[in-house]
Structure formats: structure tokens, C-alpha cells
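Next comes protein.pdb, with PDB, C-alpha atoms.
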```
ATOM      1  CA  MET A 461      22.253 212.809 101.664
ATOM      2  CA  ASP A 462      23.671 209.767 103.482
ATOM      3  CA  ASP A 463      25.664 207.035 101.733
ATOM      4  CA  GLU A 464      22.887 204.456 101.604
ATOM      5  CA  LYS A 465      20.574 206.930  99.872
ATOM      6  CA  VAL A 466      23.287 207.864  97.358
ATOM      7  CA  VAL A 467      23.881 204.158  96.628
ATOM      8  CA  ALA A 468      20.134 203.541  96.233
ATOM      9  CA  ARG A 469      19.781 206.536  93.902
ATOM     10  CA  PHE A 470      22.776 205.357  91.839
ATOM     11  CA  LEU A 471      21.315 201.845  91.550
ATOM     12  CA  GLU A 472      17.916 203.223  90.552
ATOM     13  CA  THR A 473      19.041 205.763  87.977
ATOM     14  CA  GLY A 474      22.562 204.627  87.029
ATOM     15  CA  ASP A 475      23.541 208.290  87.344
ATOM     16  CA  ARG A 476      27.344 208.440  87.410
ATOM     17  CA  ALA A 477      27.235 211.744  89.293
ATOM     18  CA  MET A 478      25.920 209.783  92.289
ATOM     19  CA  PHE A 479      28.871 207.444  92.053
ATOM     20  CA  GLY A 480      31.118 210.511  91.795
ATOM     21  CA  ILE A 481      29.738 211.711  95.138
ATOM     22  CA  LEU A 482      30.808 208.440  96.759
ATOM     23  CA  VAL A 483      34.285 208.708  95.208
ATOM     24  CA  GLU A 484      34.720 212.290  96.432
ATOM     25  CA  ARG A 485      33.461 211.346  99.870
ATOM     26  CA  TYR A 486      35.705 208.332 100.422
ATOM     27  CA  GLN A 487      38.803 208.878  98.280
ATOM     28  CA  ASP A 488      40.975 210.406 101.017
ATOM     29  CA  ARG A 489      40.176 207.823 103.664
ATOM     30  CA  ILE A 490      40.565 204.898 101.275
ATOM     31  CA  PHE A 491      43.882 206.351 100.128
ATOM     32  CA  ARG A 492      45.127 206.680 103.706
ATOM     33  CA  LEU A 493      44.067 203.125 104.486
ATOM     34  CA  VAL A 494      45.692 201.693 101.351
ATOM     35  CA  ALA A 495      48.873 203.740 101.842
ATOM     36  CA  SER A 496      49.097 202.475 105.424
ATOM     37  CA  VAL A 497      48.793 198.877 104.293
ATOM     38  CA  LEU A 498      51.458 199.363 101.608
ATOM     39  CA  GLY A 499      53.801 201.429 103.795
ATOM     40  CA  PRO A 500      56.069 204.401 103.071
ATOM     41  CA  TYR A 501      57.369 205.159  99.551
ATOM     42  CA  SER A 502      54.361 203.601  97.887
ATOM     43  CA  SER A 503      52.151 206.562  97.027
ATOM     44  CA  ALA A 504      52.096 205.679  93.310
ATOM     45  CA  ASP A 505      51.078 202.105  94.108
ATOM     46  CA  ALA A 506      48.563 203.331  96.683
ATOM     47  CA  GLU A 507      46.891 205.525  94.079
ATOM     48  CA  GLU A 508      46.738 202.630  91.625
ATOM     49  CA  VAL A 509      45.175 200.377  94.278
ATOM     50  CA  CYS A 510      42.661 203.132  95.090
ATOM     51  CA  GLN A 511      41.665 203.289  91.424
ATOM     52  CA  GLU A 512      41.152 199.531  91.541
ATOM     53  CA  VAL A 513      39.092 199.849  94.749
ATOM     54  CA  PHE A 514      36.639 202.247  93.111
ATOM     55  CA  LEU A 515      36.484 200.165  89.924
ATOM     56  CA  ARG A 516      35.703 197.125  92.069
ATOM     57  CA  LEU A 517      33.106 199.169  93.924
ATOM     58  CA  TYR A 518      31.467 200.127  90.631
ATOM     59  CA  ARG A 519      31.263 196.485  89.565
ATOM     60  CA  LYS A 520      30.098 195.155  92.936
ATOM     61  CA  ILE A 521      27.910 197.938  94.247
ATOM     62  CA  ARG A 522      24.797 195.826  93.587
ATOM     63  CA  GLN A 523      26.113 193.330  96.129
ATOM     64  CA  PHE A 524      25.901 195.940  98.890
ATOM     65  CA  THR A 525      23.112 194.674 101.108
ATOM     66  CA  GLY A 526      23.182 197.387 103.752
ATOM     67  CA  GLN A 527      23.793 194.924 106.613
ATOM     68  CA  ALA A 528      26.996 196.786 107.489
ATOM     69  CA  GLY A 529      27.496 200.497 106.883
ATOM     70  CA  PHE A 530      28.548 201.460 103.359
ATOM     71  CA  GLY A 531      31.859 202.874 104.613
ATOM     72  CA  THR A 532      32.698 199.688 106.528
ATOM     73  CA  TRP A 533      31.948 197.623 103.419
ATOM     74  CA  LEU A 534      34.086 199.857 101.185
ATOM     75  CA  TYR A 535      37.004 199.955 103.657
ATOM     76  CA  ARG A 536      36.940 196.154 103.732
ATOM     77  CA  ILE A 537      37.235 196.061  99.920
ATOM     78  CA  GLY A 538      40.105 198.563 100.098
ATOM     79  CA  TYR A 539      41.933 196.703 102.847
ATOM     80  CA  ASN A 540      41.635 193.323 101.090
ATOM     81  CA  LEU A 541      42.798 194.716  97.744
ATOM     82  CA  ALA A 542      45.749 196.481  99.357
ATOM     83  CA  ILE A 543      46.782 193.313 101.222
ATOM     84  CA  ASP A 544      46.595 191.299  97.978
ATOM     85  CA  TRP A 545      48.641 193.956  96.194
ATOM     86  CA  LYS A 546      51.279 193.958  98.939
ATOM     87  CA  ARG A 547      51.602 190.168  98.816
ATOM     88  CA  ARG A 548      51.927 190.177  95.037
ATOM     89  CA  ALA A 549      54.383 193.088  95.078
ATOM     90  CA  ARG A 550      56.688 191.429  97.615
ATOM     91  CA  PHE A 551      59.079 190.401  94.851
ATOM     92  CA  LYS A 552      58.879 193.664  92.936
ATOM     93  CA  LEU A 553      61.084 196.689  93.487
ATOM     94  CA  PRO A 554      59.040 199.542  94.983
ATOM     95  CA  HIS A 555      58.353 202.467  92.705
ATOM     96  CA  VAL A 556      59.606 205.604  94.457
ATOM     97  CA  PRO A 557      58.280 208.832  92.928
ATOM     98  CA  ILE A 558      61.003 211.292  91.989
ATOM     99  CA  GLU A 559      59.731 213.949  94.423
ATOM    100  CA  GLU A 560      60.278 211.571  97.345
ATOM    101  CA  ILE A 561      63.925 210.848  96.501
ATOM    102  CA  PRO A 562      65.586 213.955  98.068
ATOM    103  CA  SER A 563      64.178 212.955 101.448
ATOM    104  CA  LEU A 564      66.181 209.722 101.265
ATOM    105  CA  ALA A 565      69.488 211.567 101.127
ATOM    106  CA  ALA A 566      71.430 212.328 104.317
ATOM    107  CA  SER A 567      70.825 215.834 105.559
ATOM    108  CA  SER A 568      72.853 216.273 108.749
ATOM    109  CA  SER A 569      76.415 217.556 108.916
ATOM    110  CA  ASN A 570      77.520 214.538 110.991
ATOM    111  CA  PRO A 571      77.888 211.546 108.632
ATOM    112  CA  LEU A 572      78.492 209.014 111.468
ATOM    113  CA  GLU A 573      75.304 210.041 113.212
ATOM    114  CA  ASP A 574      73.522 209.856 109.872
ATOM    115  CA  VAL A 575      74.707 206.300 109.326
ATOM    116  CA  LEU A 576      73.688 205.200 112.843
ATOM    117  CA  THR A 577      70.302 206.881 112.592
ATOM    118  CA  LYS A 578      69.689 205.368 109.177
ATOM    119  CA  GLU A 579      70.750 201.941 110.429
ATOM    120  CA  THR A 580      68.337 202.193 113.361
ATOM    121  CA  LYS A 581      65.536 203.389 111.118
ATOM    122  CA  ASP A 582      66.185 200.562 108.672
ATOM    123  CA  LEU A 583      66.051 198.026 111.502
ATOM    124  CA  VAL A 584      62.795 199.433 112.865
ATOM    125  CA  ALA A 585      61.293 199.634 109.367
ATOM    126  CA  MET A 586      62.338 196.027 108.704
ATOM    127  CA  ALA A 587      60.826 194.869 112.016
ATOM    128  CA  MET A 588      57.619 196.787 111.237
ATOM    129  CA  GLU A 589      57.332 195.123 107.843
ATOM    130  CA  ASP A 590      57.546 191.798 109.659
ATOM    131  CA  LEU A 591      54.533 192.544 111.890
ATOM    132  CA  PRO A 592      51.105 191.000 111.161
ATOM    133  CA  ASP A 593      49.189 193.020 108.530
ATOM    134  CA  LEU A 594      46.589 194.462 110.893
ATOM    135  CA  TYR A 595      49.136 195.531 113.526
ATOM    136  CA  ARG A 596      51.382 197.136 110.939
ATOM    137  CA  THR A 597      48.490 198.989 109.320
ATOM    138  CA  ALA A 598      47.296 200.289 112.691
ATOM    139  CA  LEU A 599      50.840 201.472 113.517
ATOM    140  CA  TYR A 600      51.244 203.263 110.204
ATOM    141  CA  LEU A 601      47.834 204.891 110.516
ATOM    142  CA  PHE A 602      48.557 206.101 114.021
ATOM    143  CA  TYR A 603      52.236 207.111 113.884
ATOM    144  CA  TRP A 604      52.834 207.853 110.212
ATOM    145  CA  GLN A 605      49.498 209.223 109.026
ATOM    146  CA  GLU A 606      48.750 210.574 112.523
ATOM    147  CA  ARG A 607      45.108 209.555 112.420
ATOM    148  CA  PRO A 608      42.995 209.518 115.599
ATOM    149  CA  VAL A 609      42.063 206.164 117.128
ATOM    150  CA  GLU A 610      38.388 206.595 116.217
ATOM    151  CA  GLU A 611      39.228 206.987 112.523
ATOM    152  CA  ILE A 612      41.541 203.946 112.639
ATOM    153  CA  ALA A 613      38.720 201.954 114.248
ATOM    154  CA  GLU A 614      36.381 203.009 111.460
ATOM    155  CA  LEU A 615      38.880 202.213 108.697
ATOM    156  CA  LEU A 616      39.754 198.793 110.082
ATOM    157  CA  GLY A 617      36.198 197.962 111.138
ATOM    158  CA  ILE A 618      37.089 197.235 114.768
ATOM    159  CA  PRO A 619      36.171 198.898 118.101
ATOM    160  CA  GLU A 620      38.360 201.726 119.438
ATOM    161  CA  GLY A 621      39.437 199.636 122.431
ATOM    162  CA  THR A 622      40.686 196.929 120.072
ATOM    163  CA  VAL A 623      42.711 199.510 118.123
ATOM    164  CA  LYS A 624      44.371 200.653 121.354
ATOM    165  CA  SER A 625      45.179 197.095 122.405
ATOM    166  CA  GLN A 626      46.478 196.305 118.924
ATOM    167  CA  LEU A 627      48.770 199.321 119.025
ATOM    168  CA  PHE A 628      50.021 198.204 122.439
ATOM    169  CA  ARG A 629      50.609 194.638 121.241
ATOM    170  CA  ALA A 630      52.223 195.857 118.019
ATOM    171  CA  ARG A 631      54.707 197.974 119.995
ATOM    172  CA  ASN A 632      55.529 195.018 122.245
ATOM    173  CA  LEU A 633      55.931 192.710 119.278
ATOM    174  CA  LEU A 634      58.150 195.247 117.555
ATOM    175  CA  LYS A 635      60.292 195.604 120.659
ATOM    176  CA  ASP A 636      60.656 191.801 120.865
ATOM    177  CA  LYS A 637      61.604 191.587 117.217
ATOM    178  CA  LEU A 638      64.197 194.338 117.614
ATOM    179  CA  SER A 639      65.560 192.672 120.756
ATOM    180  CA  ARG A 640      65.980 189.478 118.790
ATOM    181  CA  ILE A 641      67.746 191.306 115.948
ATOM    182  CA  THR A 642      70.082 193.458 118.035
ATOM    183  CA  GLY A 643      70.045 191.804 121.448
ATOM    184  CA  THR A 644      70.227 195.255 123.063
ATOM    185  CA  VAL A 645      66.995 197.125 122.542
ATOM    186  CA  GLY A 646      65.442 196.471 125.953
ATOM    187  CA  LYS A 647      68.570 197.674 127.738
ATOM    188  CA  ALA A 648      69.528 200.556 125.459
ATOM    189  CA  GLY A 649      68.526 204.082 126.294
ATOM    190  CA  SER A 650      68.426 205.859 122.981
ATOM    191  CA  PRO A 651      67.043 204.965 119.580
ATOM    192  CA  SER A 652      70.420 205.572 117.955
ATOM    193  CA  SER A 653      72.089 202.848 120.002
ATOM    194  CA  THR A 654      69.901 199.989 118.710
ATOM    195  CA  GLY A 655      72.179 199.230 115.793
ATOM    196  CA  ARG A 656      75.158 198.525 118.070
ATOM    197  CA  ARG A 657      75.917 195.377 120.000
ATOM    198  CA  SER A 658      76.958 195.737 123.631
TER     199      SER A 658
ATOM    200  CA  MET B  30      59.615 199.534 127.470
ATOM    201  CA  ASN B  31      56.554 200.340 125.421
ATOM    202  CA  ASP B  32      57.482 204.046 125.524
ATOM    203  CA  PHE B  33      60.860 203.176 124.103
ATOM    204  CA  ALA B  34      59.270 201.250 121.228
ATOM    205  CA  GLU B  35      56.910 204.185 120.689
ATOM    206  CA  ARG B  36      59.832 206.616 120.502
ATOM    207  CA  LEU B  37      61.616 204.356 118.017
ATOM    208  CA  ILE B  38      58.545 204.172 115.809
ATOM    209  CA  ARG B  39      58.003 207.934 115.950
ATOM    210  CA  ASP B  40      61.677 208.602 115.151
ATOM    211  CA  THR B  41      61.562 206.204 112.234
ATOM    212  CA  LEU B  42      58.362 207.504 110.692
ATOM    213  CA  LYS B  43      58.626 211.226 111.372
ATOM    214  CA  ASP B  44      60.646 211.965 108.204
ATOM    215  CA  GLU B  45      58.868 209.530 105.938
ATOM    216  CA  PRO B  46      57.029 211.459 103.221
ATOM    217  CA  ARG B  47      53.251 211.476 103.621
ATOM    218  CA  PRO B  48      51.582 210.197 100.458
ATOM    219  CA  LYS B  49      49.282 212.620  98.681
ATOM    220  CA  LEU B  50      46.402 211.791  96.429
ATOM    221  CA  SER B  51      46.630 213.545  93.081
ATOM    222  CA  ALA B  52      44.143 216.364  92.547
ATOM    223  CA  ASP B  53      42.498 214.741  89.510
ATOM    224  CA  PHE B  54      42.001 211.369  91.205
ATOM    225  CA  ALA B  55      38.191 211.435  91.150
ATOM    226  CA  SER B  56      38.020 212.400  87.471
ATOM    227  CA  THR B  57      40.535 209.650  86.595
ATOM    228  CA  VAL B  58      38.343 207.137  88.434
ATOM    229  CA  MET B  59      35.288 208.247  86.458
ATOM    230  CA  ASP B  60      37.250 208.063  83.166
ATOM    231  CA  ASN B  61      38.462 204.557  83.998
ATOM    232  CA  ILE B  62      34.939 203.456  84.842
ATOM    233  CA  GLU B  63      33.646 204.800  81.538
ATOM    234  CA  ARG B  64      36.459 203.044  79.657
ATOM    235  CA  ALA B  65      35.766 199.757  81.468
ATOM    236  CA  GLN B  66      32.063 200.109  80.645
ATOM    237  CA  GLN B  67      32.805 200.722  76.946
ATOM    238  CA  LYS B  68      35.178 197.752  76.894
ATOM    239  CA  ARG B  69      32.498 195.518  78.376
ATOM    240  CA  GLU B  70      29.959 196.671  75.768
ATOM    241  CA  LEU B  71      32.502 196.074  72.993
ATOM    242  CA  SER B  72      33.234 192.578  74.236
ATOM    243  CA  LYS B  73      29.482 191.827  74.351
ATOM    244  CA  ARG B  74      29.226 192.969  70.740
ATOM    245  CA  ALA B  75      32.268 190.834  69.855
ATOM    246  CA  VAL B  76      30.563 187.760  71.295
ATOM    247  CA  ILE B  77      27.445 188.459  69.217
ATOM    248  CA  VAL B  78      29.578 188.803  66.063
ATOM    249  CA  LEU B  79      31.399 185.562  66.922
ATOM    250  CA  ALA B  80      28.073 183.790  67.433
ATOM    251  CA  ALA B  81      26.953 184.973  63.965
ATOM    252  CA  TYR B  82      30.201 183.670  62.437
ATOM    253  CA  TRP B  83      29.787 180.392  64.265
ATOM    254  CA  PHE B  84      26.264 179.963  62.964
ATOM    255  CA  ALA B  85      27.417 180.737  59.409
ATOM    256  CA  VAL B  86      30.289 178.254  59.699
ATOM    257  CA  LEU B  87      27.872 175.554  60.882
ATOM    258  CA  ILE B  88      25.498 176.133  57.970
ATOM    259  CA  ILE B  89      28.235 176.265  55.320
ATOM    260  CA  SER B  90      30.124 173.278  56.705
ATOM    261  CA  GLY B  91      26.837 171.352  56.877
ATOM    262  CA  PHE B  92      26.392 171.879  53.132
ATOM    263  CA  ILE B  93      30.027 170.958  52.423
ATOM    264  CA  PHE B  94      29.880 167.782  54.521
ATOM    265  CA  ALA B  95      26.616 166.802  52.895
ATOM    266  CA  SER B  96      28.072 167.179  49.402
ATOM    267  CA  LEU B  97      31.420 165.438  50.166
ATOM    268  CA  LYS B  98      31.565 161.832  51.251
ATOM    269  CA  TRP B  99      33.858 162.211  54.271
ATOM    270  CA  PRO B 100      33.792 159.795  57.221
ATOM    271  CA  ARG B 101      30.791 160.302  59.489
ATOM    272  CA  TRP B 102      32.797 161.223  62.602
ATOM    273  CA  PHE B 103      34.533 164.102  60.860
ATOM    274  CA  PRO B 104      31.624 166.611  60.782
ATOM    275  CA  ILE B 105      30.663 165.685  64.347
ATOM    276  CA  VAL B 106      34.182 166.379  65.622
ATOM    277  CA  PHE B 107      34.416 169.551  63.542
ATOM    278  CA  ILE B 108      31.108 170.890  64.842
ATOM    279  CA  ALA B 109      32.006 169.929  68.406
ATOM    280  CA  LEU B 110      35.214 171.948  68.133
ATOM    281  CA  THR B 111      33.697 175.081  66.627
ATOM    282  CA  PRO B 112      32.367 176.536  69.951
ATOM    283  CA  PHE B 113      35.993 176.979  70.967
ATOM    284  CA  VAL B 114      36.010 180.012  68.710
ATOM    285  CA  PHE B 115      34.383 181.798  71.701
ATOM    286  CA  LEU B 116      37.470 181.182  73.757
ATOM    287  CA  ALA B 117      39.355 183.528  71.446
ATOM    288  CA  ALA B 118      37.412 186.473  72.887
ATOM    289  CA  ALA B 119      38.103 185.407  76.445
ATOM    290  CA  ALA B 120      41.806 184.629  75.922
ATOM    291  CA  PRO B 121      44.307 187.072  77.374
ATOM    292  CA  ARG B 122      45.670 189.686  75.022
ATOM    293  CA  GLY B 123      49.139 188.083  74.946
ATOM    294  CA  LEU B 124      47.727 184.733  73.890
ATOM    295  CA  ARG B 125      45.620 186.368  71.169
ATOM    296  CA  ARG B 126      48.703 188.202  69.849
ATOM    297  CA  LEU B 127      50.641 184.930  69.832
ATOM    298  CA  GLY B 128      47.792 183.211  67.967
ATOM    299  CA  ALA B 129      47.662 186.019  65.430
ATOM    300  CA  ARG B 130      51.439 185.816  64.931
ATOM    301  CA  LEU B 131      51.293 182.049  64.385
ATOM    302  CA  LEU B 132      48.372 182.293  61.977
ATOM    303  CA  ARG B 133      49.805 185.174  59.925
ATOM    304  CA  PRO B 134      52.186 183.044  57.776
ATOM    305  CA  ILE B 135      49.432 180.504  57.118
ATOM    306  CA  LEU B 136      46.833 183.074  56.158
ATOM    307  CA  SER B 137      49.100 185.347  54.083
TER     308      SER B 137
END
```

Using C-alpha cells, write down the structure that the file contains.
Amino acid sequence: MDDEKVVARFLETGDRAMFGILVERYQDRIFRLVASVLGPYSSADAEEVCQEVFLRLYRKIRQFTGQAGFGTWLYRIGYNLAIDWKRRARFKLPHVPIEEIPSLAASSSNPLEDVLTKETKDLVAMAMEDLPDLYRTALYLFYWQERPVEEIAELLGIPEGTVKSQLFRARNLLKDKLSRITGTVGKAGSPSSTGRRS
Amino acid sequence: MNDFAERLIRDTLKDEPRPKLSADFASTVMDNIERAQQKRELSKRAVIVLAAYWFAVLIISGFIFASLKWPRWFPIVFIALTPFVFLAAAAPRGLRRLGARLLRPILS
């Protein structure tokens, strides 16, 4: 049964099982989208936002007119809620789940290399956080969540060609930002050298 | 240049933990929806109860004002203020707690 029929059946009968089908069908994609808007180390927040997305869906499902696809409409709700959450949470400390903490610790036997790598990663992460919301989300979906371009296009409600051009522009913007921070990125040859000034 | 940026991004994100949705997510959503629905029904009932109280207050105060010779503006102002009792239901929980705390010494 396609989404529109499930929605129609839910609106007719009020059967929560129908709503459950929609939750099961979209939970993973919504979660990936929300997590990509919020960025790494935010899985607890992402889950909370997802809960809010489905609660909002339950309250507003009567407003679904069917002009756009149901998925597109739901992803838009998810994206907007996640963006709002991110803006509000800017001044809050991120909640890092305990199981994610060991991955923050240095693992290599060379502490100097660890420090340089961490410094570079911090710089790149900082520059990524500074990118426009849509660019950053597309980057996270593509490089962090490793989603195909067609899925990113569906989640963000834009054509595949636009996703590709946004990824290209995002990389250029990131490179410019890093060049401004370090003054060396364009000339340097390895990622580990971005933290150093020449 | 773009390849370099791509390599930087990949290097930065490759070790970042991938978030995972908890296994009971869907059932939690359904529980939350049911709770929200119950809350909404309770608040509807609360408004009906408040309306009944309001009506009773109007009737009783009408009798009191009729029997006492208070200035004419007083009952009008009193009756005009009584609908604000509905705001109590809409007020945030913190404000309601504060109100209850302030009223406790007066009422006890």
C-alpha cells in the first residue's frame, strides 16, 4: 500500500496501526536526515527530534494535501524541526552518549601525530559547522552517513544535479574557509599539515 | 583543490560514530502519541470543569451583589475579570506552580 493510501486510511478510520506503518517506513530516513542536520555526537538529540517530528506529523497529518509526495512533505517537517533545534541548541553543551566517548580518546601510539590529526579534524569540523545549513547537511549525508546522491536529493527535496553542485560548492566553500583560517590549505599537500603555518 | 577538500572531509568524518536509532523507537513514538492524546482529552475536560465553576461563580456572585449594596461598577469589573480563570489552564506548568505556591499561605 502506498503512503497516500495509508494516510487516507488513517484519516478515515483513525487506526493507529496505519500511523505505525508510516513511522516504521520513514523512521530510518528521518533519523539520518535529522542526524545530518545536527552533526556528529548528537544521536540522543537526533532521536528526540525524530520523536518530535512524528508527534508533529500526527497533529498535522490532516494538513497533508497530496500536492507534494508524502515523503517530501515529511522530510520538510523533519528538516525544519532539526534546523530549529540546532539553532536553539547553539548555546547548549552537546549531550554525548557514553558509548561514543571511547572513540574520542587518542588511539595511535604517536601522540604528536594524534595531536596534529586532531587539530586538523577540529579545524575541518569547525569550518563545516560554519557552512550554510543545506550545504552542511548534504556533506554530512554524503561523507558521514555515506548515502547515495539520489537519497540525498529525496531527503532534501531537490534534484540530483543540484545535490552534486551543492556538494561541489560546499567543498569549495570549506576549502576557502580553511584557507582563511590557516593560510596554507591550498598549498599544503597532506591533511595533517593544515594546522601548521608555513 | 576540490579533491583535497574531499580528502580532508573524508579523513575528518571517517572515525565519527554513526548514530543509531534505538530498536524501540517506533513503539516509543506510539506511546508518546497516546500520552499526548490523553493529555489533550484531559485538558478539554479541565476546560469544561472550569466553565462549570465559572458559571457557578457568576450565579452566586450575582445573588451576593444583589443582596449587598456595593458600588455598581464592582460587580461589572468582577464579572469581567472572571473569564481569566480560563488562563489558568493554559498557563505553563511553572507559572501554575508559582501561583499555587503564592496562594497556599492565603488559602491555608

For the structure provided, state which residues fall under the ChimeraX specification (/A :<10) & /B, and present them as a PyMOL selection string.
-> chain B and resi 30-51+54-59+61-63+65-66

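Proximity to Ala109 in chain B was assessed for B:Leu97, B:Leu87, B:Ala129, B:Ala75 counting only C-alpha atoms; the smallest distance is recorded for B:Leu87.
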
Contact residues around Ile105 in chain B with all atoms listed in the file at 12 Å, ignoring same-chain residues under 5 positions, as a list in words = Leu87, Ser90, Gly91, Phe94, Trp99, Pro100, Leu110 and Thr111 of chain B

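Between CA of Leu541 in chain A and CA of Val497 in chain A there is a distance of 9.8 Å.
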
Separation of CA of Gln626 in chain A from CA of Ala598 in chain A in Å | 7.4 Å

Could you give me, as a PyMOL selection string, the residues within 12 Å of Thr525 in chain A, counting all atoms listed in the file and dropping anything in the same chain fewer than 6 positions from it?
-> chain A and resi 464+467-468+533

Of the candidates A:Glu579, A:Asp475, A:Asp593, A:Glu573, which shows the shortest atom-to-atom distance to Val494 in chain A, using all atoms listed in the file?
->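 Checking each of A:Glu579, A:Asp475, A:Asp593, A:Glu573 against Val494 in chain A, counting all atoms listed in the file, the winner is A:Asp593.
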
Would you mind reading off the distance between CA of Ile543 in chain A and CA of Ala587 in chain A, one decimal, in Å?
->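 Distance between the two atoms: 17.8 Å.
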
Enclose all atoms of range 628-641 of chain A listed in the file in an axis-aligned box, grow every side by 8 Å, and hand back centre and edge lengths in Å to one decimal, as AutoDock Vina command-line options.
```
--center_x 58.9 --center_y 193.8 --center_z 119.2 --size_x 33.7 --size_y 24.7 --size_z 22.5
```

Please provide as a list in words all residues within 12 Å of Ile108 in chain B, with the sequence filter that same-chain residues fewer than 4 positions apart are discarded (counting all atoms listed in the file).
-> Trp83, Phe84, Ala85, Val86, Leu87, Ile88, Ile89, Ser90, Gly91, Phe94, Arg101, Trp102, Phe103, Pro104, Pro112, Phe113 and Val114 of chain B

Could you tell me which of A:Arg536, A:Lys637, A:Arg489, A:Arg547 comes closest to Leu591 in chain A if we count all atoms listed in the file?
->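 Among the listed residues, the smallest separation from Leu591 in chain A belongs to A:Lys637.
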